[in-house]
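Here is the file start.cif (mmCIF, C-alpha atoms).
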data_model
loop_
_atom_site.label_atom_id
_atom_site.label_comp_id
_atom_site.auth_asym_id
_atom_site.auth_seq_id
_atom_site.Cartn_x
_atom_site.Cartn_y
_atom_site.Cartn_z
CA MET K 1 -48.04 8.74 -33.69
CA LYS K 2 -51.16 6.79 -32.88
CA ILE K 3 -53.29 7.42 -29.79
CA HIS K 4 -55.32 4.51 -28.43
CA LEU K 5 -57.99 4.29 -25.74
CA ARG K 6 -57.02 1.59 -23.23
CA GLU K 7 -58.69 -0.08 -20.24
CA ARG K 8 -57.18 -1.47 -17.05
CA LYS K 9 -59.13 -3.70 -14.69
CA LEU K 10 -59.08 -2.78 -10.98
CA PRO K 11 -60.44 -6.00 -9.44
CA LYS K 12 -60.26 -4.81 -5.83
CA SER K 13 -62.52 -1.83 -6.49
CA GLY K 14 -64.68 -3.61 -9.07
CA ARG K 15 -63.99 -0.88 -11.60
CA ILE K 16 -62.14 -0.29 -14.89
CA SER K 17 -59.74 2.61 -15.33
CA LEU K 18 -59.63 4.36 -18.74
CA PHE K 19 -56.40 5.89 -20.08
CA LEU K 20 -54.75 6.91 -23.33
CA GLU K 21 -51.70 5.27 -24.88
CA TYR K 22 -49.47 7.40 -27.12
CA TYR K 23 -47.59 5.00 -29.38
CA LYS K 24 -44.56 6.65 -31.00
CA GLY K 25 -43.13 3.61 -32.81
CA TYR K 26 -40.15 1.52 -31.86
CA HIS K 27 -36.36 1.49 -31.90
CA ASN K 28 -33.85 -1.28 -32.56
CA VAL K 29 -31.57 -1.37 -29.50
CA ASN K 30 -28.78 -3.94 -29.71
CA GLY K 31 -30.91 -6.20 -31.87
CA LYS K 32 -33.97 -5.94 -29.62
CA ILE K 33 -37.14 -4.03 -30.46
CA LYS K 34 -37.99 -1.37 -27.88
CA HIS K 35 -41.45 0.22 -28.16
CA ASP K 36 -41.83 3.92 -27.35
CA ARG K 37 -45.09 4.61 -25.48
CA GLU K 38 -46.48 7.27 -23.15
CA PHE K 39 -49.68 7.14 -21.12
CA GLU K 40 -52.24 9.66 -19.89
CA SER K 41 -54.73 8.89 -17.15
CA LEU K 42 -58.22 10.23 -17.87
CA ASP K 43 -59.54 9.81 -14.32
CA LEU K 44 -62.53 8.06 -15.80
CA PHE K 45 -63.89 4.77 -14.52
CA LEU K 46 -66.33 2.08 -15.60
CA TYR K 47 -68.17 -0.51 -13.58
CA LEU K 48 -66.47 -3.87 -14.10
CA LYS K 49 -69.79 -5.71 -13.85
CA PRO K 50 -72.68 -3.23 -14.12
CA LYS K 51 -75.62 -4.41 -12.04
CA ASN K 52 -78.43 -2.10 -13.08
CA PRO K 53 -79.53 0.26 -15.89
CA ASP K 54 -77.91 3.30 -14.24
CA GLU K 55 -74.50 1.63 -14.13
CA ARG K 56 -74.82 0.43 -17.71
CA LYS K 57 -75.80 3.96 -18.77
CA HIS K 58 -72.80 5.33 -16.86
CA ASN K 59 -70.46 2.94 -18.71
CA LYS K 60 -71.87 3.87 -22.12
CA GLU K 61 -71.64 7.61 -21.52
CA THR K 62 -68.16 7.41 -19.98
CA ARG K 63 -66.79 5.37 -22.87
CA ALA K 64 -68.26 7.92 -25.32
CA LEU K 65 -66.59 10.75 -23.38
CA ALA K 66 -63.24 8.95 -23.34
CA GLU K 67 -63.43 8.36 -27.09
CA LYS K 68 -64.13 12.07 -27.66
CA ILE K 69 -61.04 12.94 -25.63
CA ARG K 70 -58.95 10.45 -27.64
CA THR K 71 -60.21 11.90 -30.93
CA LYS K 72 -59.44 15.44 -29.74
CA ARG K 73 -55.91 14.45 -28.66
CA GLN K 74 -55.23 12.76 -32.01
CA SER K 75 -56.45 15.83 -33.90
CA GLU K 76 -54.31 18.11 -31.74
CA PHE K 77 -51.26 15.98 -32.41
CA ASP K 78 -51.93 15.78 -36.15
CA HIS K 79 -52.11 19.57 -36.31
CA GLY K 80 -48.92 20.11 -34.30
CA ARG K 81 -50.50 21.10 -30.99
CA TYR K 82 -50.87 19.49 -27.55
CA GLY K 83 -47.15 19.56 -26.82
CA PHE K 84 -46.24 17.34 -29.76
CA HIS K 85 -45.40 20.15 -32.17
CA SER K 86 -43.30 19.77 -35.29
CA GLU K 87 -40.05 20.29 -33.38
CA HIS K 88 -40.74 17.10 -31.44
CA LYS K 89 -41.39 15.18 -34.65
CA LEU K 90 -38.34 16.59 -36.39
CA GLY K 91 -36.17 15.42 -33.52
CA SER K 92 -37.21 11.78 -33.94
CA SER K 93 -34.92 9.16 -35.47
CA PHE K 94 -34.99 8.93 -39.25
CA ILE K 95 -33.30 5.51 -39.20
CA SER K 96 -35.85 4.10 -36.75
CA TYR K 97 -38.68 5.38 -38.92
CA PHE K 98 -37.09 3.77 -41.99
CA GLU K 99 -36.78 0.49 -40.07
CA MET K 100 -40.46 0.67 -39.13
CA LEU K 101 -41.51 1.08 -42.78
CA MET K 102 -39.15 -1.76 -43.72
CA GLU K 103 -40.75 -4.13 -41.20
CA GLU K 104 -44.19 -3.37 -42.64
CA ARG K 105 -42.97 -4.98 -45.87
CA LYS K 106 -41.73 -8.20 -44.31
CA ASP K 107 -44.33 -10.32 -46.11
CA SER K 108 -42.88 -9.23 -49.47
CA LYS K 109 -39.44 -10.86 -49.52
CA GLY K 110 -38.10 -9.08 -52.59
CA ASN K 111 -39.30 -5.65 -51.53
CA TYR K 112 -38.22 -6.18 -47.92
CA GLY K 113 -34.75 -7.21 -49.12
CA ASN K 114 -34.39 -4.00 -51.14
CA TRP K 115 -35.45 -1.88 -48.16
CA GLU K 116 -33.01 -3.75 -45.92
CA SER K 117 -30.15 -3.22 -48.39
CA THR K 118 -31.03 0.48 -48.67
CA LEU K 119 -30.96 0.75 -44.87
CA LYS K 120 -27.42 -0.69 -44.79
CA GLN K 121 -26.26 1.95 -47.26
CA LEU K 122 -28.02 4.69 -45.29
CA LYS K 123 -26.20 3.63 -42.11
CA LYS K 124 -22.89 3.75 -43.98
CA TYR K 125 -23.67 7.21 -45.31
CA ALA K 126 -25.10 8.77 -42.14
CA SER K 127 -25.03 8.26 -38.42
CA THR K 128 -27.72 6.05 -36.89
CA ASN K 129 -28.55 9.10 -34.74
CA VAL K 130 -29.65 11.18 -37.73
CA THR K 131 -33.01 12.87 -37.16
CA PHE K 132 -35.59 14.29 -39.55
CA ARG K 133 -34.22 17.74 -38.71
CA ASP K 134 -31.01 16.69 -40.47
CA ILE K 135 -32.79 15.69 -43.67
CA ASP K 136 -32.59 18.59 -46.09
CA GLU K 137 -31.86 18.95 -49.80
CA ASN K 138 -28.10 18.68 -49.22
CA PHE K 139 -28.58 15.43 -47.28
CA VAL K 140 -30.67 13.99 -50.14
CA LYS K 141 -28.10 15.06 -52.76
CA GLY K 142 -25.33 13.67 -50.57
CA PHE K 143 -26.96 10.26 -50.31
CA LYS K 144 -27.48 10.20 -54.08
CA TYR K 145 -23.79 11.02 -54.60
CA PHE K 146 -22.82 8.32 -52.08
CA LEU K 147 -24.84 5.69 -53.96
CA ASP K 148 -23.40 6.84 -57.27
CA LYS K 149 -19.72 7.16 -56.38
CA GLU K 150 -18.92 5.46 -53.09
CA ALA K 151 -21.38 2.67 -52.19
CA LYS K 152 -20.19 -0.90 -52.79
CA THR K 153 -21.75 -4.37 -52.85
CA LYS K 154 -20.72 -7.25 -50.58
CA SER K 155 -18.19 -8.16 -53.27
CA ASP K 156 -16.69 -4.66 -53.00
CA ILE K 157 -17.81 -3.55 -56.46
CA PRO K 158 -19.75 -0.37 -57.32
CA LEU K 159 -23.54 -0.55 -57.43
CA SER K 160 -25.22 -1.14 -60.78
CA GLN K 161 -27.32 1.64 -62.29
CA ASN K 162 -30.57 -0.19 -61.52
CA THR K 163 -29.50 -0.90 -57.92
CA LYS K 164 -28.82 2.82 -57.42
CA HIS K 165 -32.26 3.53 -58.88
CA SER K 166 -33.91 1.03 -56.52
CA TYR K 167 -32.12 2.16 -53.32
CA PHE K 168 -32.69 5.87 -53.97
CA ASN K 169 -36.38 5.24 -54.66
CA LYS K 170 -36.75 3.43 -51.31
CA PHE K 171 -35.13 6.42 -49.58
CA LYS K 172 -37.52 8.81 -51.37
CA ALA K 173 -40.50 6.58 -50.52
CA CYS K 174 -39.60 6.87 -46.85
CA LEU K 175 -39.52 10.68 -47.04
CA ASN K 176 -42.81 10.70 -48.96
CA GLN K 177 -44.44 8.70 -46.17
CA ALA K 178 -42.93 10.99 -43.53
CA PHE K 179 -44.50 13.94 -45.36
CA ILE K 180 -47.88 12.14 -45.42
CA ASP K 181 -47.51 11.38 -41.69
CA LYS K 182 -46.78 15.10 -41.11
CA ILE K 183 -43.40 14.42 -39.55
CA ILE K 184 -41.84 16.78 -42.09
CA LEU K 185 -43.68 19.76 -43.53
CA ASP K 186 -41.51 19.87 -46.66
CA ASN K 187 -40.12 16.96 -48.68
CA PRO K 188 -36.67 17.88 -50.05
CA ALA K 189 -36.52 14.67 -52.13
CA ARG K 190 -39.07 16.17 -54.53
CA ARG K 191 -36.42 18.62 -55.73
CA VAL K 192 -33.74 16.00 -56.42
CA LYS K 193 -33.91 13.86 -59.57
CA GLY K 194 -33.43 10.15 -59.12
CA PHE K 195 -31.35 7.70 -61.14
CA LYS K 196 -32.52 6.62 -64.56
CA MET K 197 -33.26 2.93 -65.05
CA GLU K 198 -30.84 1.10 -67.31
CA GLU K 199 -32.53 -1.27 -69.72
CA THR K 200 -31.26 -4.79 -69.06
CA LYS K 201 -30.86 -7.41 -71.75
CA ARG K 202 -33.77 -9.85 -71.75
CA GLU K 203 -32.62 -13.21 -72.99
CA TYR K 204 -35.34 -14.96 -74.95
CA LEU K 205 -35.68 -17.87 -77.36
CA THR K 206 -36.92 -17.87 -80.92
CA TYR K 207 -39.72 -20.17 -81.99
CA GLU K 208 -37.12 -22.43 -83.69
CA GLU K 209 -35.04 -22.60 -80.50
CA VAL K 210 -38.07 -23.58 -78.42
CA GLN K 211 -38.73 -26.34 -80.95
CA LYS K 212 -35.15 -27.59 -80.49
CA LEU K 213 -35.60 -27.71 -76.71
CA ALA K 214 -38.90 -29.54 -77.07
CA LYS K 215 -37.18 -32.26 -79.10
CA THR K 216 -34.22 -32.62 -76.71
CA GLU K 217 -34.15 -34.74 -73.57
CA CYS K 218 -33.63 -32.97 -70.22
CA ARG K 219 -32.13 -34.59 -67.12
CA TYR K 220 -35.21 -33.57 -65.11
CA PRO K 221 -38.43 -34.12 -67.11
CA VAL K 222 -40.42 -31.93 -64.69
CA LEU K 223 -38.02 -29.05 -65.38
CA LYS K 224 -38.51 -29.45 -69.12
CA LYS K 225 -42.31 -29.47 -68.80
CA ALA K 226 -42.30 -26.45 -66.49
CA PHE K 227 -39.98 -24.44 -68.75
CA LEU K 228 -41.99 -25.18 -71.89
CA PHE K 229 -45.20 -24.40 -69.96
CA SER K 230 -43.73 -20.99 -69.06
CA CYS K 231 -42.87 -20.42 -72.74
CA LEU K 232 -46.53 -21.05 -73.60
CA SER K 233 -48.15 -19.26 -70.63
CA GLY K 234 -45.70 -16.57 -69.49
CA LEU K 235 -45.99 -17.61 -65.84
CA ARG K 236 -43.04 -16.81 -63.57
CA TRP K 237 -41.00 -19.51 -61.83
CA SER K 238 -42.45 -18.54 -58.43
CA ASP K 239 -46.05 -18.99 -59.65
CA ILE K 240 -45.33 -22.23 -61.52
CA GLN K 241 -43.47 -23.75 -58.59
CA LYS K 242 -46.40 -23.20 -56.21
CA LEU K 243 -49.18 -23.95 -58.74
CA ILE K 244 -51.77 -26.40 -57.38
CA TRP K 245 -54.61 -28.25 -59.11
CA ARG K 246 -57.30 -26.23 -57.38
CA GLU K 247 -56.09 -23.24 -59.42
CA ILE K 248 -56.61 -25.06 -62.74
CA ASN K 249 -60.13 -24.68 -64.14
CA ASP K 250 -61.09 -26.97 -67.06
CA ASN K 251 -64.32 -26.52 -69.02
CA HIS K 252 -65.69 -27.00 -72.52
CA ASP K 253 -64.26 -23.65 -73.64
CA GLY K 254 -60.71 -24.49 -72.58
CA SER K 255 -58.58 -24.10 -69.46
CA ARG K 256 -57.92 -21.16 -67.19
CA ILE K 257 -55.62 -20.62 -64.23
CA ILE K 258 -56.93 -18.51 -61.35
CA PHE K 259 -54.08 -17.77 -58.98
CA THR K 260 -52.52 -15.19 -56.68
CA GLN K 261 -49.42 -13.74 -58.28
CA LYS K 262 -46.60 -14.12 -55.76
CA LYS K 263 -44.71 -10.99 -56.80
CA THR K 264 -47.65 -8.56 -56.59
CA ASN K 265 -50.06 -10.56 -54.40
CA GLY K 266 -52.81 -9.77 -56.94
CA VAL K 267 -55.38 -12.29 -58.17
CA GLU K 268 -54.85 -13.15 -61.86
CA TYR K 269 -57.00 -14.95 -64.45
CA LEU K 270 -54.94 -16.59 -67.19
CA ASP K 271 -56.36 -18.57 -70.11
CA ILE K 272 -53.93 -21.20 -71.41
CA SER K 273 -53.72 -23.05 -74.70
CA LYS K 274 -54.61 -26.70 -75.24
CA GLN K 275 -50.95 -27.61 -75.58
CA ALA K 276 -50.06 -25.78 -72.36
CA ARG K 277 -52.81 -27.71 -70.55
CA GLU K 278 -51.48 -31.01 -71.93
CA LEU K 279 -48.09 -30.25 -70.37
CA LEU K 280 -49.74 -30.18 -66.95
CA GLY K 281 -50.78 -33.83 -67.20
CA GLU K 282 -53.57 -35.65 -65.37
CA ARG K 283 -55.41 -33.85 -62.59
CA THR K 284 -54.81 -35.08 -59.01
CA GLU K 285 -55.91 -33.80 -55.57
CA PRO K 286 -56.94 -30.10 -55.39
CA MET K 287 -54.11 -29.13 -53.02
CA GLU K 288 -51.45 -31.17 -54.82
CA ARG K 289 -48.71 -29.27 -56.64
CA VAL K 290 -48.99 -29.52 -60.42
CA PHE K 291 -45.23 -29.72 -61.00
CA ARG K 292 -44.24 -32.12 -58.25
CA GLY K 293 -40.48 -32.34 -57.69
CA LEU K 294 -39.78 -28.94 -59.26
CA LYS K 295 -37.42 -26.99 -57.02
CA TYR K 296 -34.85 -24.26 -57.13
CA SER K 297 -31.39 -25.78 -56.83
CA SER K 298 -27.94 -25.64 -58.38
CA ASN K 299 -28.59 -29.07 -59.91
CA HIS K 300 -31.74 -27.86 -61.67
CA ASN K 301 -29.99 -24.68 -62.85
CA SER K 302 -27.07 -26.70 -64.22
CA ALA K 303 -29.50 -29.12 -65.90
CA LEU K 304 -31.25 -26.21 -67.62
CA ILE K 305 -27.95 -24.96 -69.08
CA ARG K 306 -26.91 -28.48 -70.13
CA TRP K 307 -30.31 -29.05 -71.76
CA SER K 308 -30.02 -25.89 -73.83
CA MET K 309 -26.47 -26.79 -74.89
CA ASP K 310 -27.56 -30.29 -75.90
CA ALA K 311 -30.33 -28.70 -77.99
CA GLY K 312 -27.81 -26.47 -79.75
CA VAL K 313 -29.16 -23.30 -78.15
CA ASN K 314 -26.07 -21.25 -77.34
CA LYS K 315 -27.62 -18.63 -75.09
CA PRO K 316 -27.14 -18.01 -71.34
CA ILE K 317 -30.77 -18.82 -70.55
CA THR K 318 -32.36 -18.95 -67.12
CA PHE K 319 -35.86 -20.12 -66.21
CA HIS K 320 -37.04 -16.50 -66.50
CA SER K 321 -36.01 -16.56 -70.16
CA ALA K 322 -39.14 -18.64 -70.77
CA ARG K 323 -41.33 -15.72 -69.62
CA HIS K 324 -39.44 -13.33 -71.92
CA THR K 325 -39.85 -15.87 -74.73
CA ASN K 326 -43.62 -15.99 -74.22
CA ALA K 327 -43.90 -12.20 -74.46
CA VAL K 328 -41.78 -11.94 -77.62
CA LEU K 329 -43.52 -14.84 -79.37
CA MET K 330 -47.01 -13.52 -78.60
CA LEU K 331 -46.13 -10.13 -80.07
CA GLU K 332 -44.35 -11.72 -83.01
CA PHE K 333 -47.38 -13.86 -83.88
CA GLY K 334 -49.86 -10.98 -83.74
CA ALA K 335 -51.06 -10.39 -80.15
CA ASP K 336 -51.56 -6.72 -79.31
CA ILE K 337 -49.32 -5.23 -76.65
CA TYR K 338 -52.20 -4.46 -74.23
CA THR K 339 -53.30 -8.12 -74.20
CA VAL K 340 -49.72 -9.29 -73.68
CA SER K 341 -49.32 -6.82 -70.81
CA LYS K 342 -52.50 -8.11 -69.11
CA ARG K 343 -51.46 -11.74 -69.54
CA LEU K 344 -48.06 -11.09 -68.00
CA GLY K 345 -49.66 -9.28 -65.06
CA HIS K 346 -47.73 -6.06 -65.68
CA LYS K 347 -48.99 -3.05 -63.77
CA GLU K 348 -47.70 -0.61 -66.39
CA LEU K 349 -47.75 -0.89 -70.17
CA ARG K 350 -44.22 0.51 -70.43
CA THR K 351 -42.90 -2.66 -68.79
CA THR K 352 -44.25 -4.65 -71.74
CA GLU K 353 -43.03 -2.15 -74.32
CA VAL K 354 -39.50 -3.47 -73.80
CA TYR K 355 -40.52 -6.61 -75.71
CA ALA K 356 -41.95 -4.53 -78.53
CA ARG K 357 -38.56 -2.79 -78.86
CA ILE K 358 -36.91 -6.20 -79.13
CA LEU K 359 -39.14 -6.94 -82.13
CA ASP K 360 -38.31 -3.54 -83.67
CA LYS K 361 -34.63 -4.41 -83.41
CA LYS K 362 -35.26 -7.77 -85.08
CA MET K 363 -37.07 -5.99 -87.94
CA LYS K 364 -34.06 -3.73 -88.48
CA GLU K 365 -31.72 -6.72 -88.45
CA ALA K 366 -33.98 -8.47 -90.97
CA ALA K 367 -33.68 -5.51 -93.33
CA ASN K 368 -29.97 -6.22 -93.70
CA ILE K 369 -30.09 -10.03 -93.63
CA ILE K 370 -29.93 -10.48 -97.43
CA PRO K 371 -26.29 -10.52 -98.70
CA GLU K 372 -25.27 -7.67 -100.95
CA ILE K 373 -26.29 -8.14 -104.58
CA LYS K 374 -23.67 -7.20 -107.15
CA ILE K 375 -25.33 -4.65 -109.44
CA ASP K 376 -23.72 -3.43 -112.62
CA SER K 377 -22.71 0.20 -112.17
CA ASN K 378 -24.31 1.07 -115.53
CA ASP K 379 -27.71 0.02 -114.24
CA ARG K 380 -27.64 2.32 -111.24
#
Kindly return the structure encoded in the file as structure tokens.
Amino acid sequence: MKIHLRERKLPKSGRISLFLEYYKGYHNVNGKIKHDREFESLDLFLYLKPKNPDERKHNKETRALAEKIRTKRQSEFDHGRYGFHSEHKLGSSFISYFEMLMEERKDSKGNYGNWESTLKQLKKYASTNVTFRDIDENFVKGFKYFLDKEAKTKSDIPLSQNTKHSYFNKFKACLNQAFIDKIILDNPARRVKGFKMEETKREYLTYEEVQKLAKTECRYPVLKKAFLFSCLSGLRWSDIQKLIWREINDNHDGSRIIFTQKKTNGVEYLDISKQARELLGERTEPMERVFRGLKYSSNHNSALIRWSMDAGVNKPITFHSARHTNAVLMLEFGADIYTVSKRLGHKELRTTEVYARILDKKMKEAANIIPEIKIDSNDR
């Protein structure tokens, strides 16, 4: 709960009344947001338009006093006193709190979507009236079991291993924040192991396959250029699609892209090769998109598949395969894993290590690529 110092003008008396607002969050009632607030009058007043030094001094000292009271009230609440003890907090709605944390992530579409999907599963598992008092170790284990054995997708199929991992982590993140906010004094989720991530297959192209694509005509030339650019740079679709000329820096040493990564919202600095720069074409206005006409559509997706088939590449590739291809090719041609990780904008090195394991697998396959040689038994 946050406590704010508020002012209310009293025009008839020429004064300002000071009071405290206790903001307890909000609830979703029939699709409408209802804010939960309480107020406390401080019986303190300011001059609306101070006319002399004494009145100005009065205003300054009264505001300072009011702020001290607000600080004291906030401290008392944070330490479980002043009538807002832990029992009051434990009786608050867990679902409403989860919704509040979800709304804070609205600017991150992917993350918000995962929180929203987790909320739907929570509502199926538990009543919308569930409070923090109901959240114990058995509740946490029960939700994990529900995700593992009972939860279904919109298509009425069980959740994938990685979806279970994602939803349970969102649930645990909510409880972690509740512990930080001192709503709960113990976090039962810490004693329950989550789901292990299942390694997904990362479809990538070999150097020879990229060459085949480069020599094959694509229905949409801009799609071909963008895909090959991703193979050379490792940029995601979302960052390529929004790339503008102001983010391209050309100088005598080469070219660099300075951009805000859409997925993480972090600023990235990415040096690109001469060939990658040539794919971008001639520079235009600073705010113009580099790949004009590039868009996400069923037509473009179909054209990508047709292009790969025409090139003789029989793999179920998507645009993201180009990013995987960049990672594998860089490692294959000698780049160290730390550099590759930095170029891809990975927050953790273990994310990049997946590509190194792909290369290890290729090395094992190469060991058995030579057909068996018939050796005379006497020579063994």
(request) Would you work out the distance separating atom CA of Asp336 of chain K from atom CA of Phe229 of chain K, expressed in Å to one decimal? (result)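 Computed distance, atom CA of Asp336 of chain K to atom CA of Phe229 of chain K, equals 21.0 Å.
Residues in contact with Lys123 of chain K at 12 Å, where all atoms listed in the file are counted and same-chain residues fewer than 5 positions away are skipped, are listed as Phe94, Ile95, Ser96, Phe98, Glu99, Glu116, Ser117, Thr118, Thr128, Asn129, Val130, Phe143, Phe146, Ala151 and Phe171 of chain K.
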Closest atom pairs, segment 255-374 of chain K residues within 12 Å of segment 197-218 of chain K, all atoms listed in the file, as a Markdown table:
| residue | atom | partner | partner_atom | distance |
| --- | --- | --- | --- | --- |
| K:Leu279 | CA | K:Ala214 | CA | 11.4 |
| K:His300 | CA | K:Cys218 | CA | 10.1 |
| K:Asn301 | CA | K:Cys218 | CA | 11.7 |
| K:Ser302 | CA | K:Cys218 | CA | 10.9 |
| K:Ala303 | CA | K:Cys218 | CA | 7.1 |
| K:Leu304 | CA | K:Cys218 | CA | 7.6 |
| K:Ile305 | CA | K:Cys218 | CA | 9.9 |
| K:Arg306 | CA | K:Cys218 | CA | 8.1 |
| K:Trp307 | CA | K:Cys218 | CA | 5.4 |
| K:Ser308 | CA | K:Leu213 | CA | 6.5 |
| K:Met309 | CA | K:Leu213 | CA | 9.4 |
| K:Asp310 | CA | K:Thr216 | CA | 7.1 |
| K:Ala311 | CA | K:Leu213 | CA | 5.5 |
| K:Gly312 | CA | K:Lys212 | CA | 7.5 |
| K:Val313 | CA | K:Glu209 | CA | 6.4 |
| K:Asn314 | CA | K:Glu209 | CA | 9.6 |
| K:Lys315 | CA | K:Glu203 | CA | 7.7 |
| K:Pro316 | CA | K:Glu203 | CA | 7.5 |
| K:Ile317 | CA | K:Glu203 | CA | 6.4 |
| K:Thr318 | CA | K:Glu203 | CA | 8.2 |
| K:Phe319 | CA | K:Tyr204 | CA | 10.2 |
| K:His320 | CA | K:Glu203 | CA | 8.5 |
| K:Ser321 | CA | K:Tyr204 | CA | 5.1 |
| K:Ala322 | CA | K:Tyr204 | CA | 6.7 |
| K:Arg323 | CA | K:Tyr204 | CA | 8.1 |
| K:His324 | CA | K:Tyr204 | CA | 5.4 |
| K:Thr325 | CA | K:Tyr204 | CA | 4.6 |
| K:Asn326 | CA | K:Tyr204 | CA | 8.4 |
| K:Ala327 | CA | K:Tyr204 | CA | 9.0 |
| K:Val328 | CA | K:Tyr204 | CA | 7.6 |
| K:Leu329 | CA | K:Tyr207 | CA | 7.1 |
| K:Met330 | CA | K:Tyr207 | CA | 10.4 |
| K:Glu332 | CA | K:Tyr207 | CA | 9.7 |
| K:Phe333 | CA | K:Tyr207 | CA | 10.1 |
| K:Arg350 | CA | K:Glu199 | CA | 11.8 |
| K:Thr351 | CA | K:Glu199 | CA | 10.5 |
| K:Thr352 | CA | K:Arg202 | CA | 11.7 |
| K:Glu353 | CA | K:Glu199 | CA | 11.5 |
| K:Val354 | CA | K:Glu199 | CA | 8.4 |
| K:Tyr355 | CA | K:Arg202 | CA | 8.5 |
| K:Ala356 | CA | K:Arg202 | CA | 11.9 |
| K:Arg357 | CA | K:Glu199 | CA | 11.1 |
| K:Ile358 | CA | K:Arg202 | CA | 8.8 |
| K:Leu359 | CA | K:Thr206 | CA | 11.2 |
| K:Lys362 | CA | K:Thr206 | CA | 11.0 |
(request) For each of K:Ala226, K:Ser255, K:His165, K:Lys51, take the minimum atom-to-atom distance to Gly293 of chain K, counting all atoms listed in the file, then give the residue where this is smallest. (result)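 For Gly293 of chain K, the nearest of the candidates is K:Ala226.
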(message) Between atom CA of Leu65 of chain K and atom CA of Arg8 of chain K, what distance in Å does the model show, to one decimal?
(response)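 Separation between atom CA of Leu65 of chain K and atom CA of Arg8 of chain K: 16.7 Å.
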(request) Convert the output of the PyMOL selection byres ((chain K and resi 269-272) around 12) on the shown file into explicit residues, formatted as a PyMOL selection string. (result) chain K and resi 229-235+239+247-251+253-261+266-268+273-280+326+339-345
Please expand the PyMOL selection byres ((chain K and resi 17) around 8) into the concrete residues it hits in this file, giving the result as a short mmCIF file (atom, residue, chain, number, x, y, z; two decimals) with C-alpha atoms, in the frame of the given file.
data_model
loop_
_atom_site.label_atom_id
_atom_site.label_comp_id
_atom_site.auth_asym_id
_atom_site.auth_seq_id
_atom_site.Cartn_x
_atom_site.Cartn_y
_atom_site.Cartn_z
CA GLU K 7 -58.69 -0.08 -20.24
CA ARG K 8 -57.18 -1.47 -17.05
CA LYS K 9 -59.13 -3.70 -14.69
CA LEU K 10 -59.08 -2.78 -10.98
CA ARG K 15 -63.99 -0.88 -11.60
CA ILE K 16 -62.14 -0.29 -14.89
CA LEU K 18 -59.63 4.36 -18.74
CA PHE K 19 -56.40 5.89 -20.08
CA ASP K 43 -59.54 9.81 -14.32
CA LEU K 44 -62.53 8.06 -15.80
CA PHE K 45 -63.89 4.77 -14.52
CA LEU K 46 -66.33 2.08 -15.60
#
List as a short mmCIF file (atom, residue, chain, number, x, y, z; two decimals) with C-alpha atoms, in the coordinates of the input the protein and nucleic acid residues near segment 30-35 of chain K, meaning an atom at most 12 Å away when all atoms listed in the file are counted, but skip any in the same chain fewer than 4 places from it.
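As a result, part_35.cif now contains:
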data_model
loop_
_atom_site.label_atom_id
_atom_site.label_comp_id
_atom_site.auth_asym_id
_atom_site.auth_seq_id
_atom_site.Cartn_x
_atom_site.Cartn_y
_atom_site.Cartn_z
CA GLU K 21 -51.70 5.27 -24.88
CA TYR K 22 -49.47 7.40 -27.12
CA TYR K 23 -47.59 5.00 -29.38
CA LYS K 24 -44.56 6.65 -31.00
CA GLY K 25 -43.13 3.61 -32.81
CA TYR K 26 -40.15 1.52 -31.86
CA SER K 96 -35.85 4.10 -36.75
CA GLU K 99 -36.78 0.49 -40.07
CA MET K 100 -40.46 0.67 -39.13
CA GLU K 103 -40.75 -4.13 -41.20
#
(message) Measuring between all atoms listed in the file, which one of K:Ile369, K:Leu185, K:Val192, K:Leu101 shows the shortest distance to Lys141 of chain K?
(response) K:Val192
(message) Starting from the PyMOL selection byres ((chain K and resi 5) around 10), expand the selection into actual residues of this file and give them as a PyMOL selection string.
(response) chain K and resi 3-4+6-7+18-22+39-40+42+63+66-67+69-71
(request) Rank K:Ser13, K:Leu294, K:His58, K:Trp115 by their smallest atom-to-atom distance to Lys224 of chain K, using all atoms listed in the file, and report the top residue only. (result)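 Result for the nearest residue to Lys224 of chain K: K:Leu294.
In terms of minimum interatomic distance to Thr131 of chain K, K:Lys89 ranks closest within K:Lys68, K:Lys89, K:Lys149, K:Lys193, counting only C-alpha atoms.
When all atoms listed in the file are used to measure the gap to Ile240 of chain K, the shortest distance among K:Leu228, K:Pro221, K:Ile180, K:Glu104 belongs to K:Leu228.
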(message) Restricting the calculation to only C-alpha atoms: of K:Thr264, K:Asn138, K:Asn162, K:Asn187, which residue gets closest to Cys174 of chain K?
(response) K:Asn187
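Note that atom CA of Tyr338 of chain K and atom CA of Asp360 of chain K are 16.8 Å apart.
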(message) I want to know what sits within 12 Å of Asp186 of chain K, based on all atoms listed in the file, with residues of the same chain fewer than 5 positions away left out; could you give that as a list in words?
(response) Ser86, Leu90, Phe132, Arg133, Ile135, Asp136, Glu137, Leu175, Asn176, Gln177, Ala178, Phe179, Ile180, Asp181 and Arg191 of chain K
(request) Taking the point (-52.0, -33.8, -64.6) as given in the file, collect each protein or nucleic acid residue that comes within 12 Å of it, counting all atoms listed in the file, and present the set as number ranges by chain. (result) K: 222, 225, 243-246, 248, 250, 276-286, 288-292
(request) Excluding Asn114 of chain K and any residue of its chain fewer than 6 positions from it, enumerate the residues within 9 Å of it, using all atoms listed in the file, and give them as an MDAnalysis selection string. (result) chainID K and resid 163 166:167 170
